[in-house]
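K.L.:
I'm passing along my_file.cif; it holds mmCIF, N, CA and C atoms and all ligand atoms.
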data_work
#
loop_
_atom_site.label_atom_id
_atom_site.label_comp_id
_atom_site.auth_asym_id
_atom_site.auth_seq_id
_atom_site.Cartn_x
_atom_site.Cartn_y
_atom_site.Cartn_z
N MET Q 1475 0.83 -1.21 0.00
CA MET Q 1475 0.00 0.00 0.00
C MET Q 1475 0.87 1.27 0.00
N THR Q 1476 1.85 1.23 0.89
CA THR Q 1476 2.70 2.42 0.95
C THR Q 1476 3.40 2.63 -0.39
N GLU Q 1477 3.72 1.47 -1.02
CA GLU Q 1477 4.42 1.54 -2.31
C GLU Q 1477 3.58 2.30 -3.34
N ILE Q 1478 2.29 1.93 -3.41
CA ILE Q 1478 1.39 2.56 -4.40
C ILE Q 1478 1.26 4.06 -4.14
N THR Q 1479 1.04 4.36 -2.86
CA THR Q 1479 0.90 5.78 -2.51
C THR Q 1479 2.13 6.55 -2.95
N HIS Q 1480 3.27 5.92 -2.72
CA HIS Q 1480 4.52 6.58 -3.07
C HIS Q 1480 4.56 6.87 -4.57
N LEU Q 1481 4.20 5.84 -5.38
CA LEU Q 1481 4.24 5.99 -6.84
C LEU Q 1481 3.28 7.08 -7.30
N GLU Q 1482 2.09 7.04 -6.70
CA GLU Q 1482 1.12 8.06 -7.09
C GLU Q 1482 1.65 9.46 -6.79
N GLY Q 1483 2.26 9.53 -5.64
CA GLY Q 1483 2.82 10.82 -5.26
C GLY Q 1483 3.84 11.28 -6.27
N GLU Q 1484 4.67 10.35 -6.71
CA GLU Q 1484 5.71 10.70 -7.66
C GLU Q 1484 5.11 11.13 -8.99
N HIS Q 1485 4.09 10.38 -9.41
CA HIS Q 1485 3.45 10.68 -10.68
C HIS Q 1485 2.88 12.09 -10.66
N MET Q 1486 2.21 12.40 -9.57
CA MET Q 1486 1.60 13.72 -9.46
C MET Q 1486 2.67 14.81 -9.47
N GLU Q 1487 3.76 14.48 -8.84
CA GLU Q 1487 4.86 15.45 -8.78
C GLU Q 1487 5.34 15.80 -10.19
N THR Q 1488 5.51 14.74 -11.03
CA THR Q 1488 5.96 14.96 -12.41
C THR Q 1488 4.95 15.79 -13.18
N LYS Q 1489 3.71 15.44 -13.00
CA LYS Q 1489 2.65 16.15 -13.71
C LYS Q 1489 2.63 17.62 -13.32
N LYS Q 1490 2.77 17.83 -12.05
CA LYS Q 1490 2.73 19.20 -11.53
C LYS Q 1490 3.90 20.00 -12.10
N LYS Q 1491 5.06 19.37 -12.16
CA LYS Q 1491 6.25 20.04 -12.71
C LYS Q 1491 6.01 20.47 -14.14
N ARG Q 1492 5.41 19.57 -14.92
CA ARG Q 1492 5.17 19.87 -16.33
C ARG Q 1492 4.22 21.07 -16.44
N LEU Q 1493 3.21 21.05 -15.61
CA LEU Q 1493 2.27 22.16 -15.62
C LEU Q 1493 2.98 23.46 -15.25
N ASP Q 1494 3.83 23.38 -14.27
CA ASP Q 1494 4.58 24.56 -13.86
C ASP Q 1494 5.40 25.11 -15.01
N ASN Q 1495 6.01 24.19 -15.75
CA ASN Q 1495 6.84 24.63 -16.88
C ASN Q 1495 6.00 25.31 -17.95
N ASP Q 1496 4.85 24.70 -18.25
CA ASP Q 1496 3.94 25.31 -19.22
C ASP Q 1496 3.54 26.70 -18.77
N ARG Q 1497 3.21 26.75 -17.50
CA ARG Q 1497 2.76 28.02 -16.93
C ARG Q 1497 3.89 29.05 -17.02
N LEU Q 1498 5.07 28.58 -16.66
CA LEU Q 1498 6.23 29.46 -16.69
C LEU Q 1498 6.45 30.00 -18.09
N GLU Q 1499 6.39 29.09 -19.08
CA GLU Q 1499 6.60 29.52 -20.45
C GLU Q 1499 5.57 30.55 -20.88
N ARG Q 1500 4.34 30.30 -20.46
CA ARG Q 1500 3.29 31.26 -20.81
C ARG Q 1500 3.55 32.61 -20.15
N ILE Q 1501 3.91 32.56 -18.88
CA ILE Q 1501 4.16 33.80 -18.14
C ILE Q 1501 5.31 34.57 -18.79
N VAL Q 1502 6.36 33.86 -19.10
CA VAL Q 1502 7.53 34.52 -19.68
C VAL Q 1502 7.20 35.07 -21.06
N ALA Q 1503 6.48 34.27 -21.87
CA ALA Q 1503 6.11 34.73 -23.20
C ALA Q 1503 5.22 35.97 -23.11
N GLU Q 1504 4.30 35.92 -22.19
CA GLU Q 1504 3.38 37.05 -22.00
C GLU Q 1504 4.14 38.28 -21.53
N ALA Q 1505 5.01 38.08 -20.56
CA ALA Q 1505 5.79 39.20 -20.02
C ALA Q 1505 6.68 39.80 -21.10
N ARG Q 1506 7.26 38.92 -21.90
CA ARG Q 1506 8.14 39.37 -22.98
C ARG Q 1506 7.36 40.20 -23.99
N ARG Q 1507 6.16 39.71 -24.29
CA ARG Q 1507 5.32 40.42 -25.26
C ARG Q 1507 4.98 41.81 -24.74
N LYS Q 1508 4.61 41.85 -23.48
CA LYS Q 1508 4.25 43.14 -22.88
C LYS Q 1508 5.45 44.08 -22.86
N GLN Q 1509 6.59 43.51 -22.51
CA GLN Q 1509 7.80 44.32 -22.46
C GLN Q 1509 8.10 44.90 -23.84
N GLN Q 1510 7.93 44.09 -24.87
CA GLN Q 1510 8.21 44.56 -26.22
C GLN Q 1510 7.24 45.67 -26.61
N GLN Q 1511 5.98 45.48 -26.23
CA GLN Q 1511 4.98 46.51 -26.52
C GLN Q 1511 5.35 47.80 -25.82
N ARG Q 1512 5.75 47.64 -24.54
CA ARG Q 1512 6.08 48.81 -23.76
C ARG Q 1512 7.29 49.52 -24.37
N GLU Q 1513 8.30 48.74 -24.76
CA GLU Q 1513 9.48 49.34 -25.36
C GLU Q 1513 9.13 50.06 -26.65
N GLN Q 1514 8.31 49.41 -27.46
CA GLN Q 1514 7.87 50.03 -28.70
C GLN Q 1514 7.17 51.34 -28.36
N GLY Q 1515 6.40 51.30 -27.28
CA GLY Q 1515 5.64 52.46 -26.84
C GLY Q 1515 6.54 53.62 -26.48
N TYR Q 1516 7.53 53.38 -25.62
CA TYR Q 1516 8.33 54.53 -25.20
C TYR Q 1516 9.28 54.98 -26.30
N ARG Q 1517 9.64 54.05 -27.15
CA ARG Q 1517 10.49 54.44 -28.27
C ARG Q 1517 9.74 55.40 -29.18
N GLU Q 1518 8.51 55.02 -29.50
CA GLU Q 1518 7.69 55.89 -30.34
C GLU Q 1518 7.52 57.26 -29.69
N GLN Q 1519 7.22 57.22 -28.41
CA GLN Q 1519 7.04 58.46 -27.66
C GLN Q 1519 8.29 59.33 -27.74
N ALA Q 1520 9.42 58.71 -27.45
CA ALA Q 1520 10.68 59.45 -27.44
C ALA Q 1520 10.97 60.05 -28.81
N LEU Q 1521 10.65 59.28 -29.87
CA LEU Q 1521 10.92 59.77 -31.22
C LEU Q 1521 9.98 60.91 -31.60
N LYS Q 1522 8.83 60.97 -30.90
CA LYS Q 1522 7.91 62.07 -31.15
C LYS Q 1522 8.39 63.34 -30.45
N ILE Q 1523 8.89 63.15 -29.23
CA ILE Q 1523 9.27 64.29 -28.41
C ILE Q 1523 10.58 64.93 -28.89
N TYR Q 1524 11.56 64.06 -29.16
CA TYR Q 1524 12.89 64.58 -29.44
C TYR Q 1524 13.20 64.59 -30.94
N PRO Q 1525 14.05 65.53 -31.33
CA PRO Q 1525 14.54 65.50 -32.71
C PRO Q 1525 15.39 64.25 -32.90
N TRP Q 1526 15.43 63.75 -34.12
CA TRP Q 1526 16.14 62.49 -34.36
C TRP Q 1526 17.64 62.74 -34.49
N ILE Q 1527 18.20 63.10 -33.39
CA ILE Q 1527 19.62 63.43 -33.33
C ILE Q 1527 20.23 62.73 -32.12
N CYS Q 1528 21.40 62.13 -32.31
CA CYS Q 1528 22.06 61.50 -31.18
C CYS Q 1528 22.51 62.57 -30.20
N ALA Q 1529 22.15 62.38 -28.95
CA ALA Q 1529 22.45 63.39 -27.92
C ALA Q 1529 23.94 63.47 -27.61
N ARG Q 1530 24.71 62.48 -28.05
CA ARG Q 1530 26.14 62.50 -27.78
C ARG Q 1530 26.95 63.04 -28.96
N CYS Q 1531 26.82 62.38 -30.10
CA CYS Q 1531 27.68 62.74 -31.23
C CYS Q 1531 26.99 63.70 -32.20
N GLY Q 1532 25.70 63.93 -32.00
CA GLY Q 1532 25.00 64.90 -32.83
C GLY Q 1532 24.65 64.42 -34.22
N ARG Q 1533 24.86 63.13 -34.48
CA ARG Q 1533 24.50 62.58 -35.77
C ARG Q 1533 22.98 62.69 -35.98
N GLU Q 1534 22.58 63.05 -37.19
CA GLU Q 1534 21.15 63.17 -37.48
C GLU Q 1534 20.65 61.93 -38.20
N PHE Q 1535 19.42 61.60 -37.91
CA PHE Q 1535 18.83 60.41 -38.51
C PHE Q 1535 17.52 60.76 -39.19
N GLU Q 1536 17.26 60.06 -40.28
CA GLU Q 1536 15.95 60.25 -40.92
C GLU Q 1536 15.54 58.96 -41.62
N GLY Q 1537 14.26 58.86 -41.88
CA GLY Q 1537 13.73 57.69 -42.57
C GLY Q 1537 14.08 56.40 -41.87
N LYS Q 1538 14.54 55.42 -42.65
CA LYS Q 1538 14.84 54.10 -42.10
C LYS Q 1538 16.01 54.13 -41.13
N LYS Q 1539 16.88 55.09 -41.31
CA LYS Q 1539 18.07 55.21 -40.47
C LYS Q 1539 17.73 55.35 -38.99
N VAL Q 1540 16.51 55.79 -38.75
CA VAL Q 1540 16.12 56.04 -37.36
C VAL Q 1540 16.18 54.75 -36.53
N ARG Q 1541 16.24 53.63 -37.19
CA ARG Q 1541 16.40 52.36 -36.48
C ARG Q 1541 17.69 52.32 -35.67
N GLU Q 1542 18.67 53.10 -36.11
CA GLU Q 1542 19.96 53.12 -35.42
C GLU Q 1542 19.95 54.05 -34.21
N LEU Q 1543 18.84 54.72 -34.06
CA LEU Q 1543 18.71 55.62 -32.92
C LEU Q 1543 17.96 54.87 -31.82
N THR Q 1544 18.55 54.82 -30.64
CA THR Q 1544 17.95 54.04 -29.56
C THR Q 1544 17.58 54.93 -28.39
N VAL Q 1545 16.72 54.42 -27.56
CA VAL Q 1545 16.29 55.19 -26.40
C VAL Q 1545 17.10 54.75 -25.18
N HIS Q 1546 17.80 55.69 -24.64
CA HIS Q 1546 18.58 55.42 -23.43
C HIS Q 1546 17.82 55.99 -22.23
N HIS Q 1547 17.89 55.26 -21.13
CA HIS Q 1547 17.28 55.76 -19.90
C HIS Q 1547 18.35 56.38 -19.03
N LYS Q 1548 18.17 57.64 -18.76
CA LYS Q 1548 19.22 58.38 -18.04
C LYS Q 1548 19.52 57.75 -16.69
N ASP Q 1549 18.51 57.28 -16.01
CA ASP Q 1549 18.76 56.68 -14.69
C ASP Q 1549 18.95 55.16 -14.79
N HIS Q 1550 19.04 54.68 -16.02
CA HIS Q 1550 19.24 53.25 -16.28
C HIS Q 1550 18.10 52.38 -15.76
N ASN Q 1551 17.00 52.99 -15.51
CA ASN Q 1551 15.83 52.22 -15.09
C ASN Q 1551 14.79 52.30 -16.20
N HIS Q 1552 14.68 51.21 -16.96
CA HIS Q 1552 13.77 51.25 -18.10
C HIS Q 1552 12.31 51.14 -17.69
N ASP Q 1553 12.08 51.01 -16.41
CA ASP Q 1553 10.69 51.05 -15.93
C ASP Q 1553 10.26 52.48 -15.63
N ASN Q 1554 11.23 53.36 -15.63
CA ASN Q 1554 10.96 54.76 -15.35
C ASN Q 1554 10.76 55.50 -16.67
N ASN Q 1555 9.51 55.62 -17.08
CA ASN Q 1555 9.20 56.22 -18.38
C ASN Q 1555 8.21 57.37 -18.27
N PRO Q 1556 8.63 58.47 -17.68
CA PRO Q 1556 7.71 59.61 -17.56
C PRO Q 1556 7.30 60.11 -18.94
N ALA Q 1557 6.05 60.51 -19.06
CA ALA Q 1557 5.49 60.89 -20.37
C ALA Q 1557 6.18 62.10 -20.98
N ASP Q 1558 6.80 62.93 -20.14
CA ASP Q 1558 7.47 64.11 -20.69
C ASP Q 1558 8.85 63.79 -21.26
N GLY Q 1559 9.24 62.51 -21.13
CA GLY Q 1559 10.49 62.08 -21.74
C GLY Q 1559 11.73 62.49 -20.97
N SER Q 1560 11.55 62.93 -19.72
CA SER Q 1560 12.69 63.46 -18.98
C SER Q 1560 13.72 62.39 -18.62
N ASN Q 1561 13.33 61.14 -18.71
CA ASN Q 1561 14.30 60.08 -18.40
C ASN Q 1561 14.91 59.48 -19.68
N TRP Q 1562 14.51 60.01 -20.82
CA TRP Q 1562 14.99 59.43 -22.08
C TRP Q 1562 16.03 60.30 -22.75
N GLU Q 1563 16.85 59.62 -23.49
CA GLU Q 1563 17.84 60.30 -24.30
C GLU Q 1563 17.96 59.47 -25.58
N LEU Q 1564 17.94 60.14 -26.71
CA LEU Q 1564 18.12 59.41 -27.95
C LEU Q 1564 19.62 59.31 -28.26
N LEU Q 1565 20.08 58.09 -28.37
CA LEU Q 1565 21.50 57.87 -28.66
C LEU Q 1565 21.63 56.94 -29.86
N CYS Q 1566 22.62 57.19 -30.69
CA CYS Q 1566 22.89 56.26 -31.77
C CYS Q 1566 23.45 54.97 -31.16
N LEU Q 1567 23.44 53.90 -31.94
CA LEU Q 1567 23.89 52.60 -31.41
C LEU Q 1567 25.28 52.69 -30.80
N TYR Q 1568 26.17 53.45 -31.46
CA TYR Q 1568 27.56 53.50 -31.01
C TYR Q 1568 27.68 54.22 -29.68
N CYS Q 1569 27.03 55.37 -29.61
CA CYS Q 1569 27.10 56.14 -28.37
C CYS Q 1569 26.39 55.42 -27.24
N HIS Q 1570 25.31 54.74 -27.59
CA HIS Q 1570 24.59 53.99 -26.57
C HIS Q 1570 25.48 52.88 -26.03
N ASP Q 1571 26.19 52.26 -26.95
CA ASP Q 1571 27.11 51.20 -26.57
C ASP Q 1571 28.18 51.74 -25.63
N ASN Q 1572 28.75 52.87 -26.01
CA ASN Q 1572 29.76 53.51 -25.16
C ASN Q 1572 29.20 53.82 -23.78
N GLU Q 1573 28.03 54.39 -23.80
CA GLU Q 1573 27.39 54.78 -22.56
C GLU Q 1573 27.28 53.59 -21.61
N HIS Q 1574 26.96 52.45 -22.19
CA HIS Q 1574 26.72 51.28 -21.34
C HIS Q 1574 27.94 50.43 -21.08
N SER Q 1575 28.96 50.60 -21.91
CA SER Q 1575 30.15 49.79 -21.68
C SER Q 1575 30.75 50.13 -20.32
N ARG Q 1576 30.39 51.30 -19.81
CA ARG Q 1576 30.87 51.69 -18.48
C ARG Q 1576 30.13 50.95 -17.38
N TYR Q 1577 28.95 50.50 -17.70
CA TYR Q 1577 28.12 49.87 -16.66
C TYR Q 1577 27.95 48.37 -16.87
N LEU Q 1578 27.85 48.00 -18.15
CA LEU Q 1578 27.60 46.61 -18.50
C LEU Q 1578 26.40 46.03 -17.75
N ASP Q 1579 25.38 46.83 -17.68
CA ASP Q 1579 24.16 46.31 -17.06
C ASP Q 1579 23.30 45.66 -18.13
N GLU Q 1580 22.23 45.07 -17.70
CA GLU Q 1580 21.38 44.34 -18.64
C GLU Q 1580 20.48 45.26 -19.44
N GLU Q 1581 20.32 46.45 -18.96
CA GLU Q 1581 19.37 47.37 -19.57
C GLU Q 1581 19.64 47.56 -21.05
N TYR Q 1582 20.92 47.71 -21.40
CA TYR Q 1582 21.25 47.99 -22.78
C TYR Q 1582 20.73 46.90 -23.72
N TYR Q 1583 20.91 45.67 -23.29
CA TYR Q 1583 20.52 44.57 -24.16
C TYR Q 1583 19.01 44.57 -24.41
N GLU Q 1584 18.29 44.93 -23.40
CA GLU Q 1584 16.84 45.01 -23.57
C GLU Q 1584 16.48 46.10 -24.56
N GLU Q 1585 17.10 47.25 -24.38
CA GLU Q 1585 16.81 48.35 -25.29
C GLU Q 1585 17.28 48.02 -26.69
N GLY Q 1586 18.47 47.47 -26.78
CA GLY Q 1586 19.08 47.22 -28.07
C GLY Q 1586 18.25 46.31 -28.94
N SER Q 1587 17.51 45.42 -28.35
CA SER Q 1587 16.75 44.47 -29.15
C SER Q 1587 15.31 44.91 -29.30
N ALA Q 1588 15.00 46.12 -28.89
CA ALA Q 1588 13.62 46.58 -28.93
C ALA Q 1588 13.02 46.47 -30.33
N ASP Q 1589 13.83 46.77 -31.33
CA ASP Q 1589 13.25 46.66 -32.68
C ASP Q 1589 14.00 45.65 -33.52
N GLY Q 1590 14.74 44.77 -32.87
CA GLY Q 1590 15.43 43.73 -33.61
C GLY Q 1590 14.96 42.36 -33.14
N GLU Q 1591 13.74 42.05 -33.50
CA GLU Q 1591 13.13 40.85 -32.94
C GLU Q 1591 13.87 39.58 -33.31
N GLU Q 1592 14.58 39.60 -34.45
CA GLU Q 1592 15.25 38.37 -34.87
C GLU Q 1592 16.34 37.95 -33.90
N GLU Q 1593 16.91 38.92 -33.16
CA GLU Q 1593 17.95 38.54 -32.21
C GLU Q 1593 17.36 38.18 -30.85
N ALA Q 1594 16.08 38.24 -30.77
CA ALA Q 1594 15.43 38.10 -29.47
C ALA Q 1594 15.83 36.82 -28.74
N ALA Q 1595 15.82 35.71 -29.45
CA ALA Q 1595 15.99 34.42 -28.79
C ALA Q 1595 17.30 34.30 -28.04
N SER Q 1596 18.39 34.73 -28.66
CA SER Q 1596 19.68 34.47 -28.04
C SER Q 1596 20.09 35.52 -27.01
N THR Q 1597 19.86 36.79 -27.30
CA THR Q 1597 20.40 37.82 -26.42
C THR Q 1597 19.34 38.50 -25.56
N TYR Q 1598 18.11 38.32 -25.92
CA TYR Q 1598 17.07 39.09 -25.26
C TYR Q 1598 16.51 38.29 -24.10
N ARG Q 1599 17.08 38.47 -22.92
CA ARG Q 1599 16.64 37.68 -21.78
C ARG Q 1599 16.35 38.56 -20.57
N PRO Q 1600 15.44 39.49 -20.74
CA PRO Q 1600 15.17 40.39 -19.61
C PRO Q 1600 14.49 39.68 -18.46
N PHE Q 1601 14.01 38.47 -18.71
CA PHE Q 1601 13.25 37.81 -17.66
C PHE Q 1601 14.00 36.65 -17.03
N ALA Q 1602 15.28 36.67 -17.22
CA ALA Q 1602 16.10 35.65 -16.58
C ALA Q 1602 15.85 35.65 -15.08
N ASP Q 1603 15.73 36.84 -14.54
CA ASP Q 1603 15.49 36.97 -13.11
C ASP Q 1603 14.15 36.36 -12.73
N LEU Q 1604 13.18 36.62 -13.55
CA LEU Q 1604 11.84 36.09 -13.28
C LEU Q 1604 11.87 34.57 -13.29
N GLU Q 1605 12.58 34.01 -14.27
CA GLU Q 1605 12.68 32.57 -14.35
C GLU Q 1605 13.31 32.00 -13.09
N ASP Q 1606 14.39 32.63 -12.69
CA ASP Q 1606 15.06 32.19 -11.47
C ASP Q 1606 14.12 32.26 -10.28
N LEU Q 1607 13.39 33.35 -10.25
CA LEU Q 1607 12.46 33.58 -9.17
C LEU Q 1607 11.44 32.44 -9.09
N LEU Q 1608 10.91 32.09 -10.25
CA LEU Q 1608 9.88 31.06 -10.28
C LEU Q 1608 10.48 29.69 -10.00
N LYS Q 1609 11.70 29.50 -10.47
CA LYS Q 1609 12.37 28.22 -10.23
C LYS Q 1609 12.57 27.99 -8.75
N ASP Q 1610 12.94 29.05 -8.06
CA ASP Q 1610 13.19 28.94 -6.63
C ASP Q 1610 11.96 28.47 -5.86
N LYS Q 1611 10.82 28.71 -6.44
CA LYS Q 1611 9.58 28.34 -5.77
C LYS Q 1611 9.38 26.83 -5.71
N GLU Q 1612 10.00 26.12 -6.65
CA GLU Q 1612 9.77 24.69 -6.72
C GLU Q 1612 10.31 23.93 -5.50
ZN ZN X 1 25.98 59.01 -31.33
ZN ZN X 2 20.62 52.92 -22.23
#
Using structure tokens, write down the structure from this file.
P.N.:
Amino acid sequence: MTEITHLEGEHMETKKKRLDNDRLERIVAEARRKQQQREQGYREQALKIYPWICARCGREFEGKKVRELTVHHKDHNHDNNPADGSNWELLCLYCHDNEHSRYLDEEYYEEGSADGEEEAASTYRPFADLEDLLKDKE
């Protein structure tokens, strides 16, 4: 009897784990989608407010070239997006890179892939922390 109970317990454990993984994947996919929407949102906003000029090197952008212009968060907190744009700075890819090479925080990678969805899978992992968080719960 104890043997059977034990097996059932194990079976349920496996099933529960699988469900957790599905749930986790959904949560992460959903969070990622929202994050991308939000990034698209503040990028559009920033491009409306500011002239398409890199705040560091003064390079001007127009048309398709504007893809090379990225939104930098002055306080490095990409959750801080005041509507007046006071936390944003438009930087070209190079200057943005320079700006962040001093910090090497994760923020840059999130911003950098905002409009480069094809690189999303390998470098775009803003929710690594969330995954860890959820994993710890097991
Ligand atoms: Zn620049
Ligand atoms: Zn930045």
K.L.:
Within 9 Å of ligand ZN 1 (chain X), which residues of chain Q come that close, and what is the closest atom pair and distance in Å for each? Count only C-alpha atoms and all ligand atoms and give it as JSON lines.
P.N.:
{"residue": "Q:Ile1527", "atom": "CA", "partner": "X:ZN1", "partner_atom": "ZN", "distance": 8.0}
{"residue": "Q:Cys1528", "atom": "CA", "partner": "X:ZN1", "partner_atom": "ZN", "distance": 4.6}
{"residue": "Q:Ala1529", "atom": "CA", "partner": "X:ZN1", "partner_atom": "ZN", "distance": 6.6}
{"residue": "Q:Arg1530", "atom": "CA", "partner": "X:ZN1", "partner_atom": "ZN", "distance": 5.0}
{"residue": "Q:Cys1531", "atom": "CA", "partner": "X:ZN1", "partner_atom": "ZN", "distance": 4.1}
{"residue": "Q:Gly1532", "atom": "CA", "partner": "X:ZN1", "partner_atom": "ZN", "distance": 6.2}
{"residue": "Q:Arg1533", "atom": "CA", "partner": "X:ZN1", "partner_atom": "ZN", "distance": 5.9}
{"residue": "Q:Glu1534", "atom": "CA", "partner": "X:ZN1", "partner_atom": "ZN", "distance": 8.9}
{"residue": "Q:Leu1543", "atom": "CA", "partner": "X:ZN1", "partner_atom": "ZN", "distance": 8.2}
{"residue": "Q:Leu1564", "atom": "CA", "partner": "X:ZN1", "partner_atom": "ZN", "distance": 8.6}
{"residue": "Q:Leu1565", "atom": "CA", "partner": "X:ZN1", "partner_atom": "ZN", "distance": 5.3}
{"residue": "Q:Cys1566", "atom": "CA", "partner": "X:ZN1", "partner_atom": "ZN", "distance": 4.2}
{"residue": "Q:Leu1567", "atom": "CA", "partner": "X:ZN1", "partner_atom": "ZN", "distance": 6.7}
{"residue": "Q:Tyr1568", "atom": "CA", "partner": "X:ZN1", "partner_atom": "ZN", "distance": 5.7}
{"residue": "Q:Cys1569", "atom": "CA", "partner": "X:ZN1", "partner_atom": "ZN", "distance": 4.3}
{"residue": "Q:His1570", "atom": "CA", "partner": "X:ZN1", "partner_atom": "ZN", "distance": 7.1}
K.L.:
Figure out the distance between atom N of Arg1512 of chain Q and atom C of Arg1500 of chain Q, please, to one decimal in Å.
P.N.:
15.8 Å
K.L.:
From the list Q:Lys1490, Q:Lys1522, Q:Arg1517, Q:His1574, which residue is nearest ligand ZN 2 (chain X) when using all atoms listed in the file?
P.N.:
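When distances to ligand ZN 2 (chain X) are compared using all atoms listed in the file, the smallest one comes from Q:His1574.
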K.L.:
Out of Q:Val1545, Q:Leu1498, Q:Val1540, Q:Ala1520, which residue has the shortest atom-to-atom distance to ligand ZN 2 (chain X) when counting all atoms listed in the file?
P.N.:
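So, comparing all the options, the nearest one is Q:Val1545.
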K.L.:
Can you find the residues with an atom no farther than 12 Å from (15.7, 63.5, -19.6), counting only C-alpha atoms, and report them as a list in words?
P.N.:
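Checked against the point, the hits come out as Ala1520, Ile1523, Tyr1524, Ala1529, Val1545, His1546, His1547, Lys1548, Asp1549, His1550, Asn1554, Asn1555, Pro1556, Ala1557, Asp1558, Gly1559, Ser1560, Asn1561, Trp1562, Glu1563 and Leu1564 of chain Q.
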K.L.:
Kindly give the distance, in Å, that separates atom C of Gln1514 of chain Q and atom N of Thr1544 of chain Q, rounded to a single decimal.
P.N.:
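According to the coordinates, atom C of Gln1514 of chain Q and atom N of Thr1544 of chain Q are separated by 12.1 Å.
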K.L.:
In Å to one decimal, how far is atom CA of Ala1505 of chain Q from atom C of Lys1539 of chain Q?
P.N.:
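Separation between atom C of Lys1539 of chain Q and atom CA of Ala1505 of chain Q: 27.6 Å.
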K.L.:
With only N, CA and C atoms and all ligand atoms as the atoms that count, which of Q:Glu1504, Q:Asp1494, Q:Glu1499, Q:Glu1573 lies nearest to ligand ZN 2 (chain X)?
P.N.:
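Checking each candidate against ligand ZN 2 (chain X), we get Q:Glu1573 as the closest.
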K.L.:
Go through Q:Asp1496, Q:Glu1513, Q:Glu1518, Q:Asp1571 and flag the residue nearest ligand ZN 2 (chain X), using only N, CA and C atoms and all ligand atoms for the distances.
P.N.:
Q:Asp1571
K.L.:
Select, from Q:Glu1542, Q:Val1502, Q:Asn1551, Q:Pro1525, the residue with the minimum atom-to-atom distance to ligand ZN 2 (chain X), counting only C-alpha atoms and all ligand atoms.
P.N.:
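Looking at the shortest contact to ligand ZN 2 (chain X), the residue is Q:Asn1551.
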